[in-house]
$ cat run-v6.txt   # compact mmCIF, C-alpha atoms
# COMPACT_ATOMS: atom_id res chain seq x y z
CA MET X 11 104.28 -3.77 -19.95
CA LYS X 12 100.83 -3.17 -21.23
CA ARG X 13 98.36 -0.97 -19.35
CA ILE X 14 94.77 -2.23 -18.88
CA ILE X 15 92.19 0.46 -19.31
CA ILE X 16 88.77 -0.29 -17.73
CA MET X 17 85.87 1.56 -19.27
CA PRO X 18 83.25 3.16 -16.97
CA SER X 19 80.41 1.31 -18.67
CA ILE X 20 82.03 -2.01 -17.81
CA ILE X 21 82.28 -0.98 -14.14
CA ILE X 22 78.59 -0.07 -13.99
CA PHE X 23 77.60 -3.38 -15.55
CA SER X 24 79.85 -5.31 -13.15
CA LEU X 25 78.35 -3.63 -10.13
CA PHE X 26 74.79 -4.35 -11.35
CA PHE X 27 75.70 -8.02 -11.98
CA VAL X 28 77.36 -8.45 -8.56
CA ASN X 29 74.38 -6.90 -6.74
CA HIS X 30 71.90 -9.28 -8.37
CA ALA X 31 74.18 -12.30 -8.13
CA PHE X 32 74.57 -11.99 -4.35
CA GLY X 33 70.90 -11.09 -3.66
CA ARG X 34 71.45 -7.53 -2.60
CA PRO X 35 68.31 -5.57 -3.55
CA THR X 36 68.62 -2.44 -5.50
CA ALA X 37 66.69 0.74 -4.82
CA ARG X 38 64.35 -0.16 -7.68
CA ASP X 39 63.69 -3.61 -6.15
CA ARG X 40 62.85 -2.06 -2.79
CA VAL X 41 60.35 0.24 -4.45
CA LYS X 42 58.65 -2.71 -6.18
CA LYS X 43 58.23 -4.63 -2.90
CA THR X 44 56.93 -1.81 -0.80
CA SER X 45 54.96 0.18 -3.33
CA PRO X 46 53.39 -2.01 -6.01
CA ILE X 47 52.59 -0.08 -9.14
CA ARG X 48 48.82 -0.12 -9.93
CA ARG X 49 47.41 0.50 -13.32
CA ILE X 50 45.01 3.41 -13.45
CA ASP X 51 42.71 3.49 -16.42
CA PRO X 52 42.28 6.91 -17.93
CA VAL X 53 38.96 8.63 -17.20
CA ALA X 54 37.39 10.77 -19.86
CA PRO X 55 37.09 14.37 -18.74
CA LYS X 56 33.55 15.57 -17.91
CA LEU X 57 32.02 18.16 -20.11
CA PRO X 58 30.26 21.16 -18.58
CA GLY X 59 26.83 20.07 -17.27
CA GLN X 60 27.65 16.37 -17.59
CA VAL X 61 26.50 14.14 -14.66
CA THR X 62 27.50 10.64 -13.57
CA LEU X 63 24.60 8.12 -13.77
CA ARG X 64 23.96 6.09 -10.64
CA ASN X 65 21.65 3.18 -9.82
CA ILE X 66 18.89 5.18 -8.14
CA PRO X 67 15.91 3.13 -6.81
CA ASP X 68 12.68 3.63 -8.71
CA PRO X 69 10.30 5.52 -6.38
CA THR X 70 7.30 4.06 -8.23
CA ALA X 71 8.39 0.44 -7.72
CA ILE X 72 6.81 -1.96 -5.23
CA ASN X 73 9.61 -4.04 -3.75
CA VAL X 74 9.44 -7.70 -2.76
CA VAL X 75 11.02 -8.23 0.66
CA LYS X 76 10.63 -12.00 0.78
CA THR X 77 8.40 -14.75 -0.55
CA GLY X 78 7.66 -18.42 -0.01
CA THR X 79 5.07 -21.18 -0.41
CA PHE X 80 2.08 -21.35 1.90
CA THR X 81 0.43 -24.75 1.42
CA GLU X 82 0.40 -27.56 -1.09
CA GLU X 83 -3.41 -27.64 -1.26
CA ARG X 84 -5.67 -25.70 -3.62
CA PRO X 85 -7.15 -23.08 -1.31
CA PHE X 86 -10.05 -20.86 -2.32
CA ARG X 87 -11.91 -18.06 -0.48
CA ILE X 88 -8.66 -17.06 1.22
CA THR X 89 -8.90 -14.54 4.05
CA ALA X 90 -6.12 -13.09 6.21
CA CYS X 91 -5.78 -10.71 9.16
CA THR X 92 -3.05 -9.63 11.59
CA LEU X 93 -3.69 -10.23 15.28
CA ASN X 94 -2.68 -8.04 18.24
CA ASP X 95 0.46 -10.08 18.94
CA GLY X 96 1.70 -9.69 15.37
CA THR X 97 0.86 -13.22 14.29
CA ILE X 98 -1.19 -13.80 11.15
CA PHE X 99 -4.44 -15.72 10.83
CA ILE X 100 -5.24 -17.28 7.47
CA GLY X 101 -8.51 -19.00 6.64
CA TRP X 102 -9.42 -20.80 3.44
CA GLU X 103 -11.54 -23.52 1.89
CA ALA X 104 -9.58 -26.66 1.01
CA PHE X 105 -9.64 -30.43 1.20
CA ALA X 106 -10.35 -32.12 4.54
CA ASP X 107 -10.59 -35.82 5.44
CA MET X 108 -14.24 -36.92 5.64
CA ALA X 109 -14.96 -39.11 8.65
CA GLY X 110 -15.60 -42.74 7.75
CA GLN X 111 -15.01 -42.19 4.03
CA SER X 112 -12.08 -43.03 1.82
CA HIS X 113 -12.17 -39.77 -0.21
CA LYS X 114 -11.64 -36.19 0.82
CA GLY X 115 -14.26 -33.48 1.04
CA ARG X 116 -13.85 -29.74 1.46
CA ALA X 117 -14.07 -27.61 4.59
CA GLY X 118 -13.21 -24.19 5.95
CA ARG X 119 -9.79 -24.39 7.56
CA GLY X 120 -7.65 -21.91 9.47
CA ALA X 121 -4.28 -21.55 11.17
CA ARG X 122 -1.97 -19.00 12.80
CA TYR X 123 1.46 -18.15 11.44
CA ASN X 124 4.38 -16.08 12.62
CA THR X 125 5.92 -13.40 10.42
CA GLN X 126 8.30 -15.99 8.95
CA PHE X 127 5.19 -17.93 7.91
CA GLN X 128 5.91 -20.85 10.17
CA ARG X 129 2.67 -22.49 11.24
CA LEU X 130 1.88 -22.14 14.96
CA GLY X 131 0.10 -25.32 15.99
CA VAL X 132 -2.09 -27.33 13.65
CA ASP X 133 -4.88 -26.42 11.25
CA MET X 134 -8.39 -26.26 12.61
CA ILE X 135 -11.69 -26.78 10.76
CA TYR X 136 -14.47 -24.24 11.34
CA THR X 137 -17.21 -25.55 9.02
CA ALA X 138 -18.95 -28.80 8.21
CA THR X 139 -17.34 -30.90 5.46
CA ARG X 140 -18.88 -30.85 1.97
CA ASP X 141 -18.30 -32.80 -1.21
CA SER X 142 -17.81 -29.76 -3.43
CA TYR X 143 -16.88 -26.06 -3.31
CA PHE X 144 -19.24 -24.34 -0.90
CA LEU X 145 -17.78 -21.29 0.86
CA GLU X 146 -18.61 -17.79 -0.34
CA SER X 147 -17.54 -14.37 0.96
CA ASN X 148 -15.09 -15.70 3.55
CA ASN X 149 -14.12 -12.81 5.90
CA SER X 150 -11.86 -12.64 8.97
CA VAL X 151 -11.80 -9.83 11.56
CA PRO X 152 -9.25 -9.52 14.41
CA LEU X 153 -10.77 -8.47 17.72
CA SER X 154 -9.24 -6.60 20.66
CA ASN X 155 -9.13 -9.64 22.97
CA GLY X 156 -7.17 -11.73 20.46
CA ASN X 157 -10.17 -13.63 19.13
CA VAL X 158 -10.94 -13.88 15.42
CA LEU X 159 -14.41 -13.53 13.89
CA LEU X 160 -15.06 -15.42 10.65
CA ALA X 161 -18.16 -14.58 8.58
CA PHE X 162 -19.09 -16.56 5.48
CA ASN X 163 -21.89 -17.94 3.35
CA ASP X 164 -22.14 -21.72 3.77
CA LYS X 165 -23.71 -23.70 0.90
CA VAL X 166 -25.63 -26.09 3.17
CA ASP X 167 -27.75 -27.47 0.30
CA GLU X 168 -25.11 -28.54 -2.21
CA ARG X 169 -27.60 -29.99 -4.71
CA ASN X 170 -29.62 -26.79 -5.05
CA GLY X 171 -26.77 -24.40 -4.29
CA VAL X 172 -28.58 -22.81 -1.35
CA GLY X 173 -26.51 -21.33 1.46
CA GLN X 174 -26.80 -19.68 4.85
CA GLY X 175 -24.97 -16.72 6.33
CA LYS X 176 -22.93 -17.83 9.36
CA TYR X 177 -20.17 -16.70 11.68
CA VAL X 178 -17.81 -18.42 14.12
CA LEU X 179 -15.56 -17.00 16.83
CA LEU X 180 -12.07 -18.48 17.25
CA SER X 181 -9.75 -18.15 20.23
CA PRO X 182 -6.08 -17.15 19.82
CA GLN X 183 -5.32 -20.86 20.24
CA MET X 184 -7.53 -21.60 17.20
CA ARG X 185 -10.39 -23.23 19.07
CA VAL X 186 -14.02 -22.56 18.13
CA LEU X 187 -15.53 -20.55 21.01
CA VAL X 188 -18.88 -19.65 19.46
CA GLY X 189 -20.78 -21.00 16.48
CA PRO X 190 -21.33 -21.57 13.75
CA VAL X 191 -24.14 -19.06 14.32
CA THR X 192 -26.67 -18.65 11.48
CA PHE X 193 -27.65 -15.01 10.92
CA CYS X 194 -29.24 -15.37 7.45
CA GLN X 195 -31.37 -18.40 6.66
CA ARG X 196 -30.95 -18.24 2.90
CA ASP X 197 -27.89 -17.06 0.96
CA ALA X 198 -26.21 -14.01 2.42
CA LYS X 199 -24.88 -12.28 -0.68
CA SER X 200 -21.49 -10.56 -0.76
CA ILE X 201 -20.74 -10.68 2.98
CA SER X 202 -18.26 -8.07 4.17
CA ALA X 203 -17.10 -7.75 7.79
CA THR X 204 -15.04 -5.10 9.58
CA SER X 205 -14.02 -4.24 13.15
CA MET X 206 -15.53 -1.41 15.20
CA LEU X 207 -14.21 0.56 18.20
CA ASP X 208 -10.63 -0.75 17.92
CA GLY X 209 -11.78 -4.34 17.72
CA ASP X 210 -14.29 -4.42 20.58
CA ALA X 211 -16.97 -5.40 18.06
CA ALA X 212 -17.43 -6.33 14.41
CA LEU X 213 -20.06 -5.42 11.83
CA ILE X 214 -21.21 -7.96 9.23
CA ALA X 215 -22.99 -6.47 6.19
CA TYR X 216 -24.67 -8.50 3.43
CA GLY X 217 -27.56 -8.84 1.01
CA ASP X 218 -30.38 -10.97 2.48
CA THR X 219 -32.06 -13.16 -0.16
CA THR X 220 -34.79 -14.36 2.20
CA SER X 221 -36.65 -11.09 1.64
CA PRO X 222 -38.68 -10.45 -1.56
CA THR X 223 -35.71 -8.39 -2.74
CA TYR X 224 -32.08 -8.86 -1.77
CA GLN X 225 -32.44 -6.47 1.14
CA GLY X 226 -29.31 -4.87 2.54
CA LYS X 227 -28.79 -5.80 6.19
CA PHE X 228 -26.12 -5.71 8.88
CA LEU X 229 -25.59 -7.12 12.37
CA ILE X 230 -23.02 -6.31 15.07
CA VAL X 231 -21.19 -8.93 17.16
CA ASP X 232 -19.05 -8.16 20.22
CA SER X 233 -15.61 -9.62 20.92
CA SER X 234 -17.14 -12.50 22.92
CA GLY X 235 -19.23 -13.61 19.94
CA LYS X 236 -22.56 -12.25 21.20
CA ILE X 237 -24.91 -10.46 18.79
CA ILE X 238 -25.46 -6.97 20.18
CA THR X 239 -27.42 -5.65 17.18
CA GLN X 240 -29.73 -8.11 15.48
CA PRO X 241 -29.87 -8.09 11.66
CA LYS X 242 -31.14 -4.68 10.64
CA ALA X 243 -32.19 -3.49 7.18
CA TYR X 244 -30.63 -0.45 5.55
CA THR X 245 -32.56 -0.67 2.25
CA ASN X 246 -36.28 -1.02 1.54
CA LYS X 247 -36.36 -1.59 -2.21
CA GLY X 248 -34.10 -2.95 -4.90
CA ASP X 249 -31.64 -5.87 -4.77
CA VAL X 250 -28.36 -5.44 -2.88
CA THR X 251 -25.87 -7.53 -4.84
CA GLU X 252 -22.50 -6.26 -3.63
CA VAL X 253 -21.30 -4.95 -0.27
CA ALA X 254 -17.97 -3.68 1.09
CA ALA X 255 -17.29 -2.48 4.66
CA GLY X 256 -14.39 -0.74 6.40
CA THR X 257 -13.60 0.90 9.75
CA THR X 258 -13.55 4.70 9.97
CA TRP X 259 -11.17 6.87 12.00
CA ASN X 260 -13.72 7.15 14.86
CA GLY X 261 -14.56 3.44 15.12
CA LYS X 262 -17.70 3.45 12.99
CA ALA X 263 -18.35 1.18 10.03
CA PHE X 264 -18.41 2.61 6.51
CA VAL X 265 -20.50 0.53 4.09
CA ALA X 266 -20.60 0.82 0.30
CA TYR X 267 -23.12 -1.24 -1.63
CA ASN X 268 -24.80 -1.73 -4.98
CA CYS X 269 -28.57 -1.52 -5.18
CA SER X 270 -30.50 -2.32 -8.35
CA GLU X 271 -32.91 0.51 -7.57
CA ASN X 272 -30.57 3.38 -6.69
CA GLY X 273 -27.11 2.50 -8.01
CA SER X 274 -24.04 2.51 -5.77
CA LEU X 275 -24.36 4.14 -2.36
CA THR X 276 -22.61 4.51 1.01
CA LEU X 277 -23.66 4.84 4.65
CA GLU X 278 -22.14 4.86 8.15
CA VAL X 279 -23.14 2.80 11.20
CA ASN X 280 -22.10 3.33 14.83
CA VAL X 281 -21.44 0.56 17.33
CA LEU X 282 -24.97 0.86 18.76
CA GLY X 283 -26.34 -0.20 15.41
CA ASN X 284 -27.68 3.24 14.55
CA ILE X 285 -27.19 4.53 11.02
CA SER X 286 -25.35 7.76 11.72
CA ARG X 287 -25.29 8.81 8.06
CA TRP X 288 -27.91 7.50 5.67
CA SER X 289 -27.23 6.44 2.13
CA ARG X 290 -25.63 8.81 -0.36
CA SER X 291 -25.05 8.09 -4.02
CA LEU X 292 -21.46 7.39 -5.00
CA PHE X 293 -21.66 9.18 -8.32
CA ASN X 294 -24.96 10.43 -9.70
CA TYR X 295 -26.73 7.12 -9.01
CA GLN X 296 -24.48 5.20 -11.34
CA THR X 297 -23.76 1.55 -10.57
CA VAL X 298 -20.16 0.41 -10.23
CA THR X 299 -18.85 -3.09 -9.48
CA GLY X 300 -16.00 -4.77 -7.63
CA LEU X 301 -16.42 -2.63 -4.51
CA ALA X 302 -13.74 -2.25 -1.84
CA VAL X 303 -13.40 0.52 0.74
CA CYS X 304 -10.53 1.96 2.77
CA PRO X 305 -11.32 4.72 5.31
CA LEU X 306 -8.38 7.11 5.82
CA SER X 307 -7.09 8.81 8.97
CA ASN X 308 -7.95 12.24 7.49
CA LYS X 309 -11.67 11.33 7.80
CA ASN X 310 -12.09 10.73 4.06
CA THR X 311 -12.74 7.28 2.61
CA LEU X 312 -11.35 5.79 -0.58
CA VAL X 313 -13.80 3.64 -2.53
CA LEU X 314 -12.37 1.27 -5.15
CA CYS X 315 -14.51 -0.03 -7.98
CA ASN X 316 -14.79 -0.91 -11.67
CA ARG X 317 -16.30 1.70 -13.96
CA GLN X 318 -16.53 1.56 -17.74
CA GLY X 319 -14.20 -1.42 -17.92
CA THR X 320 -11.36 -0.03 -15.80
CA ALA X 321 -10.41 -0.07 -12.11
CA CYS X 322 -10.94 3.32 -10.46
CA SER X 323 -10.86 5.08 -7.12
CA LEU X 324 -13.30 7.65 -5.77
CA LEU X 325 -12.69 9.83 -2.71
CA ILE X 326 -15.60 10.28 -0.28
CA GLY X 327 -15.66 13.10 2.29
CA PRO X 328 -16.87 12.82 5.93
CA ASP X 329 -20.32 14.02 4.82
CA GLY X 330 -20.65 11.15 2.34
CA LYS X 331 -20.26 13.36 -0.72
CA TYR X 332 -17.67 12.46 -3.32
CA ILE X 333 -14.64 14.70 -3.79
CA GLY X 334 -13.60 15.17 -7.40
CA GLY X 335 -14.24 12.30 -9.80
CA PHE X 336 -13.09 8.80 -10.60
CA GLN X 337 -9.35 8.20 -11.01
CA GLN X 338 -8.23 5.19 -13.01
CA PHE X 339 -5.49 3.12 -11.39
CA HIS X 340 -5.58 0.09 -13.72
CA SER X 341 -6.46 -0.15 -17.39
CA GLU X 342 -8.76 -3.17 -17.04
CA GLN X 343 -11.27 -4.44 -14.51
CA ALA X 344 -10.09 -5.59 -11.08
CA HIS X 345 -11.67 -8.45 -9.15
CA ASP X 346 -11.29 -9.61 -5.53
CA MET X 347 -9.94 -6.16 -4.61
CA GLN X 348 -8.21 -5.85 -1.21
CA ALA X 349 -7.36 -2.45 0.27
CA THR X 350 -5.05 -1.85 3.26
CA LEU X 351 -4.25 1.51 4.85
CA LEU X 352 -0.56 2.24 5.46
CA SER X 353 0.82 4.51 8.19
CA ASN X 354 1.41 7.39 5.74
CA ASP X 355 -2.25 7.23 4.62
CA ASN X 356 -1.32 5.62 1.32
CA VAL X 357 -3.41 2.59 0.35
CA PHE X 358 -2.00 -0.76 -0.75
CA VAL X 359 -4.33 -2.55 -3.19
CA SER X 360 -4.12 -6.07 -4.59
CA PHE X 361 -6.50 -7.68 -7.09
CA THR X 362 -6.95 -10.20 -9.87
CA THR X 363 -7.67 -9.39 -13.52
CA PRO X 364 -9.94 -10.93 -16.19
CA ASN X 365 -6.90 -12.53 -17.87
CA GLU X 366 -6.13 -14.38 -14.61
CA LYS X 367 -3.25 -12.30 -13.33
CA ALA X 368 -2.59 -11.05 -9.80
CA MET X 369 -1.48 -7.42 -9.46
CA CYS X 370 -0.86 -4.79 -6.80
CA VAL X 371 -0.59 -0.99 -6.72
CA VAL X 372 -0.17 1.77 -4.12
CA LEU X 373 -2.51 4.79 -4.14
CA ASP X 374 -2.00 8.11 -2.39
CA PRO X 375 -4.72 9.58 -0.09
CA THR X 376 -6.46 11.14 -3.09
CA GLY X 377 -6.70 7.80 -4.92
CA LYS X 378 -3.95 8.52 -7.44
CA ARG X 379 -1.63 5.63 -8.28
CA ILE X 380 1.91 6.35 -7.12
CA LYS X 381 3.44 2.85 -7.21
CA GLY X 382 2.98 -0.16 -9.47
CA PRO X 383 1.37 -1.97 -11.01
CA LYS X 384 3.40 -5.00 -9.99
CA ALA X 385 2.62 -8.57 -11.04
CA LEU X 386 2.33 -11.27 -8.36
CA CYS X 387 2.54 -15.05 -8.64
CA GLU X 388 4.21 -14.66 -12.02
CA GLY X 389 4.15 -17.63 -14.36
CA TYR X 390 0.83 -18.85 -12.93
CA ASN X 391 -2.82 -18.15 -13.68
CA VAL X 392 -4.77 -16.69 -10.75
CA GLU X 393 -8.50 -17.30 -11.12
CA SER X 394 -10.77 -14.32 -10.57
CA GLY X 395 -13.88 -14.40 -8.42
CA LEU X 396 -12.86 -17.43 -6.34
CA GLY X 397 -11.10 -15.63 -3.51
CA THR X 398 -7.63 -16.68 -4.66
CA ILE X 399 -5.98 -13.55 -3.24
CA ALA X 400 -5.89 -11.98 0.23
CA GLN X 401 -3.71 -9.49 2.06
CA THR X 402 -3.02 -8.06 5.50
CA LYS X 403 -0.68 -5.41 6.90
CA LEU X 404 2.18 -6.53 9.13
CA HIS X 405 3.17 -4.50 12.19
CA ASN X 406 6.24 -3.11 10.39
CA ASP X 407 3.95 -1.42 7.82
CA MET X 408 4.75 -4.00 5.16
CA VAL X 409 1.96 -5.95 3.48
CA VAL X 410 1.79 -9.68 2.90
CA VAL X 411 -0.26 -10.89 -0.08
CA ILE X 412 -1.33 -14.52 -0.42
CA THR X 413 -2.08 -15.77 -3.92
CA HIS X 414 -3.04 -19.12 -5.34
CA GLY X 415 -2.15 -19.87 -8.96
CA TYR X 416 -2.13 -22.78 -11.38
CA ARG X 417 -0.42 -23.69 -14.63
CA LYS X 418 -1.99 -25.63 -17.47
CA ALA X 419 -0.34 -28.37 -19.54
CA PRO X 420 2.43 -29.34 -19.79
CA HIS X 421 2.95 -28.33 -16.13
CA ASN X 422 -0.48 -29.08 -14.62
CA ASP X 423 0.57 -27.83 -11.20
CA ASN X 424 -0.52 -25.19 -8.72
CA ILE X 425 1.13 -23.06 -6.07
CA THR X 426 0.14 -20.80 -3.19
CA LEU X 427 2.60 -18.01 -2.42
CA TRP X 428 2.97 -15.51 0.37
CA THR X 429 4.80 -12.35 -0.67
CA VAL X 430 5.89 -9.55 1.69
CA LEU X 431 6.04 -6.20 -0.09
CA LYS X 432 6.81 -2.57 0.71
$ encode --input "run-v6.txt" --output "structure tokens"
Amino acid sequence: MKRIIIMPSIIIFSLFFVNHAFGRPTARDRVKKTSPIRRIDPVAPKLPGQVTLRNIPDPTAINVVKTGTFTEERPFRITACTLNDGTIFIGWEAFADMAGQSHKGRAGRGARYNTQFQRLGVDMIYTATRDSYFLESNNSVPLSNGNVLLAFNDKVDERNGVGQGKYVLLSPQMRVLVGPVTFCQRDAKSISATSMLDGDAALIAYGDTTSPTYQGKFLIVDSSGKIITQPKAYTNKGDVTEVAAGTTWNGKAFVAYNCSENGSLTLEVNVLGNISRWSRSLFNYQTVTGLAVCPLSNKNTLVLCNRQGTACSLLIGPDGKYIGGFQQFHSEQAHDMQATLLSNDNVFVSFTTPNEKAMCVVLDPTGKRIKGPKALCEGYNVESGLGTIAQTKLHNDMVVVITHGYRKAPHNDNITLWTVLK
């Protein structure tokens, strides 16, 4: 009788086969089900002093929060301001149906929007209707009672291009309460309006062409639309061709202007219509252009202008004397400059350029550029000198900029954008 010898290796194989054949999991199978093995890619060891690069936000960048289209029309002389309830008023010149005629004319139009840029109610018209472009220096000022003051030069004689300085007062419901009131009988040049005493009144400054020279004048209107200071001259010689006004920390009006006789100067006016600080030269009686002003909470005022072909800032002290010199914030000229004070005393500035681009920057309280420049309305041409850009600060310290641009052939289209930035 032969003896059968079973080798150990055969026993091990048989046990392995039986376990798998009858579905009994092995220890290795249980490990696979409960603890899946993950592949870990090797990481190169760091050398001494080596750091890991991360996506750190650029502190000099101006960020777009949101953007959208505003209107399908071709608006010019755009103006914008934020009202007490946080809504936004926008005024502009655009097409309007002419009564009894088959074609459209142009008129000053306005509407209120919420912060999502949804129109509240319908558009209203605050000027007569004209056949051609006619508005100049369109300004809007929010008042403490919720009303809005609009000041503008109205080309009443289209054939000869002769205008009149006018203002209207709108209610929060966008109804005309007062006006149009004529305050300058012949072409009010470079109108600039600003609030006084937290919006209880508004100052309107301009160059009056009815005088032998373009005399600098201002008037003050209260929140009910009544003139409390009749037009008053602040120059006696030379032509005033450019004016910019802003509200100071103590409720006065700061006015910068260009005079052909004395260069570029500044003055301050109180709510009673008294000139509390007479004219001082901006910079050794030189003349600058493209004026915009932004009074700061530290009692200084930032004046923006073009000098020697570039856009610059100049800091003015409470006594009207300049502090330091000009600081360049853009390498070419800036037109239609808008300046808005932020809560940290930085200044948000938007403007158009000679090559038809819209840009924005942020300046610190000394006038030094700390953010930007950033292009707006990219892909479109934004015409300079036609009021195709406007801005206003929202209650959350962001700024909305409205720009109108166009594209030539083969597109032949235009667009108006609102862009919220921070």
$ atom_distance --input "run-v6.txt" --atom1 "CA of Gly335 in chain X" --atom2 "CA of Tyr244 in chain X"
25.8 Å
$ closest_residue --input "run-v6.txt" --among "X:Pro85, X:Pro375, X:Gly156, X:Pro364" --to "Ala117 in chain X" --atoms "only C-alpha atoms"
X:Pro85
$ residues_around --input "run-v6.txt" --residues "range 307-313 of chain X" --least-positions-apart "3" --cutoff "6 Å" --atoms "only C-alpha atoms" --output "PyMOL selection string"
chain X and resi 259+302-304+323-328
$ write_last_selection --input "run-v6.txt" --atoms "C-alpha atoms" --output "compact mmCIF listing (two decimals), in the coordinates of the input"
# COMPACT_ATOMS: atom_id res chain seq x y z
CA TRP X 259 -11.17 6.87 12.00
CA ALA X 302 -13.74 -2.25 -1.84
CA VAL X 303 -13.40 0.52 0.74
CA CYS X 304 -10.53 1.96 2.77
CA SER X 323 -10.86 5.08 -7.12
CA LEU X 324 -13.30 7.65 -5.77
CA LEU X 325 -12.69 9.83 -2.71
CA ILE X 326 -15.60 10.28 -0.28
CA GLY X 327 -15.66 13.10 2.29
CA PRO X 328 -16.87 12.82 5.93
$ residues_around --input "run-v6.txt" --residues "Cys387 in chain X" --least-positions-apart "5" --cutoff "7 Å" --atoms "all atoms listed in the file" --output "list of chain:residue names"
X:Ala368, X:Thr413, X:Gly415, X:Leu427
$ closest_atom_pairs --input "run-v6.txt" --of "range 222-335 of chain X" --to "range 188-193 of chain X" --cutoff "12 Å" --atoms "only C-alpha atoms" --output "CSV"
residue,atom,partner,partner_atom,distance
X:Lys227,CA,X:Phe193,CA,10.4
X:Phe228,CA,X:Phe193,CA,9.6
X:Leu229,CA,X:Phe193,CA,8.3
X:Ile230,CA,X:Phe193,CA,10.7
X:Val231,CA,X:Phe193,CA,10.8
X:Asp232,CA,X:Val188,CA,11.5
X:Ser233,CA,X:Val188,CA,10.7
X:Ser234,CA,X:Val188,CA,8.1
X:Gly235,CA,X:Val188,CA,6.1
X:Lys236,CA,X:Val188,CA,8.4
X:Ile237,CA,X:Phe193,CA,9.5
X:Thr239,CA,X:Phe193,CA,11.3
X:Gln240,CA,X:Phe193,CA,8.5
X:Pro241,CA,X:Phe193,CA,7.3
X:Lys242,CA,X:Phe193,CA,10.9
$ residues_near_point --input "run-v6.txt" --point "(-18.7, 0.5, 0.4)" --cutoff "10 Å" --atoms "only C-alpha atoms" --output "list of chain:residue names"
X:Ser202, X:Glu252, X:Val253, X:Ala254, X:Ala255, X:Gly256, X:Ala263, X:Phe264, X:Val265, X:Ala266, X:Tyr267, X:Asn268, X:Ser274, X:Leu275, X:Thr276, X:Leu277, X:Glu278, X:Leu292, X:Gly300, X:Leu301, X:Ala302, X:Val303, X:Cys304, X:Pro305, X:Thr311, X:Leu312, X:Val313, X:Leu314, X:Cys315
$ residues_around --input "run-v6.txt" --residues "Thr77 in chain X" --least-positions-apart "2" --cutoff "8 Å" --atoms "all atoms listed in the file" --output "compact mmCIF listing (two decimals) with C-alpha atoms, in the frame of the given file"
# COMPACT_ATOMS: atom_id res chain seq x y z
CA VAL X 74 9.44 -7.70 -2.76
CA VAL X 75 11.02 -8.23 0.66
CA THR X 79 5.07 -21.18 -0.41
CA LEU X 427 2.60 -18.01 -2.42
CA TRP X 428 2.97 -15.51 0.37
CA THR X 429 4.80 -12.35 -0.67
CA VAL X 430 5.89 -9.55 1.69
$ atom_distance --input "run-v6.txt" --atom1 "CA of Tyr123 in chain X" --atom2 "CA of Pro182 in chain X"
11.3 Å
$ closest_residue --input "run-v6.txt" --among "X:Val392, X:Cys269, X:Ala385, X:Leu145" --to "Tyr295 in chain X" --atoms "all atoms listed in the file"
X:Cys269
$ atom_distance --input "run-v6.txt" --atom1 "CA of Ser150 in chain X" --atom2 "CA of Thr363 in chain X"
23.1 Å
$ residues_around --input "run-v6.txt" --residues "Thr362 in chain X" --least-positions-apart "4" --cutoff "9 Å" --atoms "all atoms listed in the file" --output "list in words"
Gln343, Ala344, His345, Asp346, Met347, Glu366, Lys367, Ala368, Met369, Cys370, Val392, Glu393, Ser394, Gly395, Thr398 and Ile399 of chain X
$ write_last_selection --input "run-v6.txt" --atoms "C-alpha atoms" --output "tab-separated table (two decimals), in the coordinates of the input"
chain	number	residue	atom	x	y	z
X	343	GLN	CA	-11.27	-4.44	-14.51
X	344	ALA	CA	-10.09	-5.59	-11.08
X	345	HIS	CA	-11.67	-8.45	-9.15
X	346	ASP	CA	-11.29	-9.61	-5.53
X	347	MET	CA	-9.94	-6.16	-4.61
X	366	GLU	CA	-6.13	-14.38	-14.61
X	367	LYS	CA	-3.25	-12.30	-13.33
X	368	ALA	CA	-2.59	-11.05	-9.80
X	369	MET	CA	-1.48	-7.42	-9.46
X	370	CYS	CA	-0.86	-4.79	-6.80
X	392	VAL	CA	-4.77	-16.69	-10.75
X	393	GLU	CA	-8.50	-17.30	-11.12
X	394	SER	CA	-10.77	-14.32	-10.57
X	395	GLY	CA	-13.88	-14.40	-8.42
X	398	THR	CA	-7.63	-16.68	-4.66
X	399	ILE	CA	-5.98	-13.55	-3.24
$ closest_residue --input "run-v6.txt" --among "X:Ser270, X:Thr70, X:Ser286, X:Asn148" --to "Ala400 in chain X" --atoms "only C-alpha atoms"
X:Asn148
$ residues_around --input "run-v6.txt" --residues "Glu271 in chain X" --least-positions-apart "3" --cutoff "9 Å" --atoms "all atoms listed in the file" --output "count of residues only"
5
$ closest_residue --input "run-v6.txt" --among "X:Ile201, X:Leu431, X:Met184, X:Leu396" --to "Gly382 in chain X" --atoms "only C-alpha atoms"
X:Leu431
$ closest_residue --input "run-v6.txt" --among "X:Asp407, X:Ala203, X:Gln195, X:Gly273" --to "Ser289 in chain X" --atoms "only C-alpha atoms"
X:Gly273
$ closest_residue --input "run-v6.txt" --among "X:Ile238, X:Ala212, X:Ala243, X:Ile72" --to "Ser360 in chain X" --atoms "all atoms listed in the file"
X:Ile72
$ residues_near_point --input "run-v6.txt" --point "(-13.2, -27.3, 11.2)" --cutoff "7 Å" --atoms "only C-alpha atoms" --output "VMD selection string"
chain X and resid 117 to 119 134 to 138
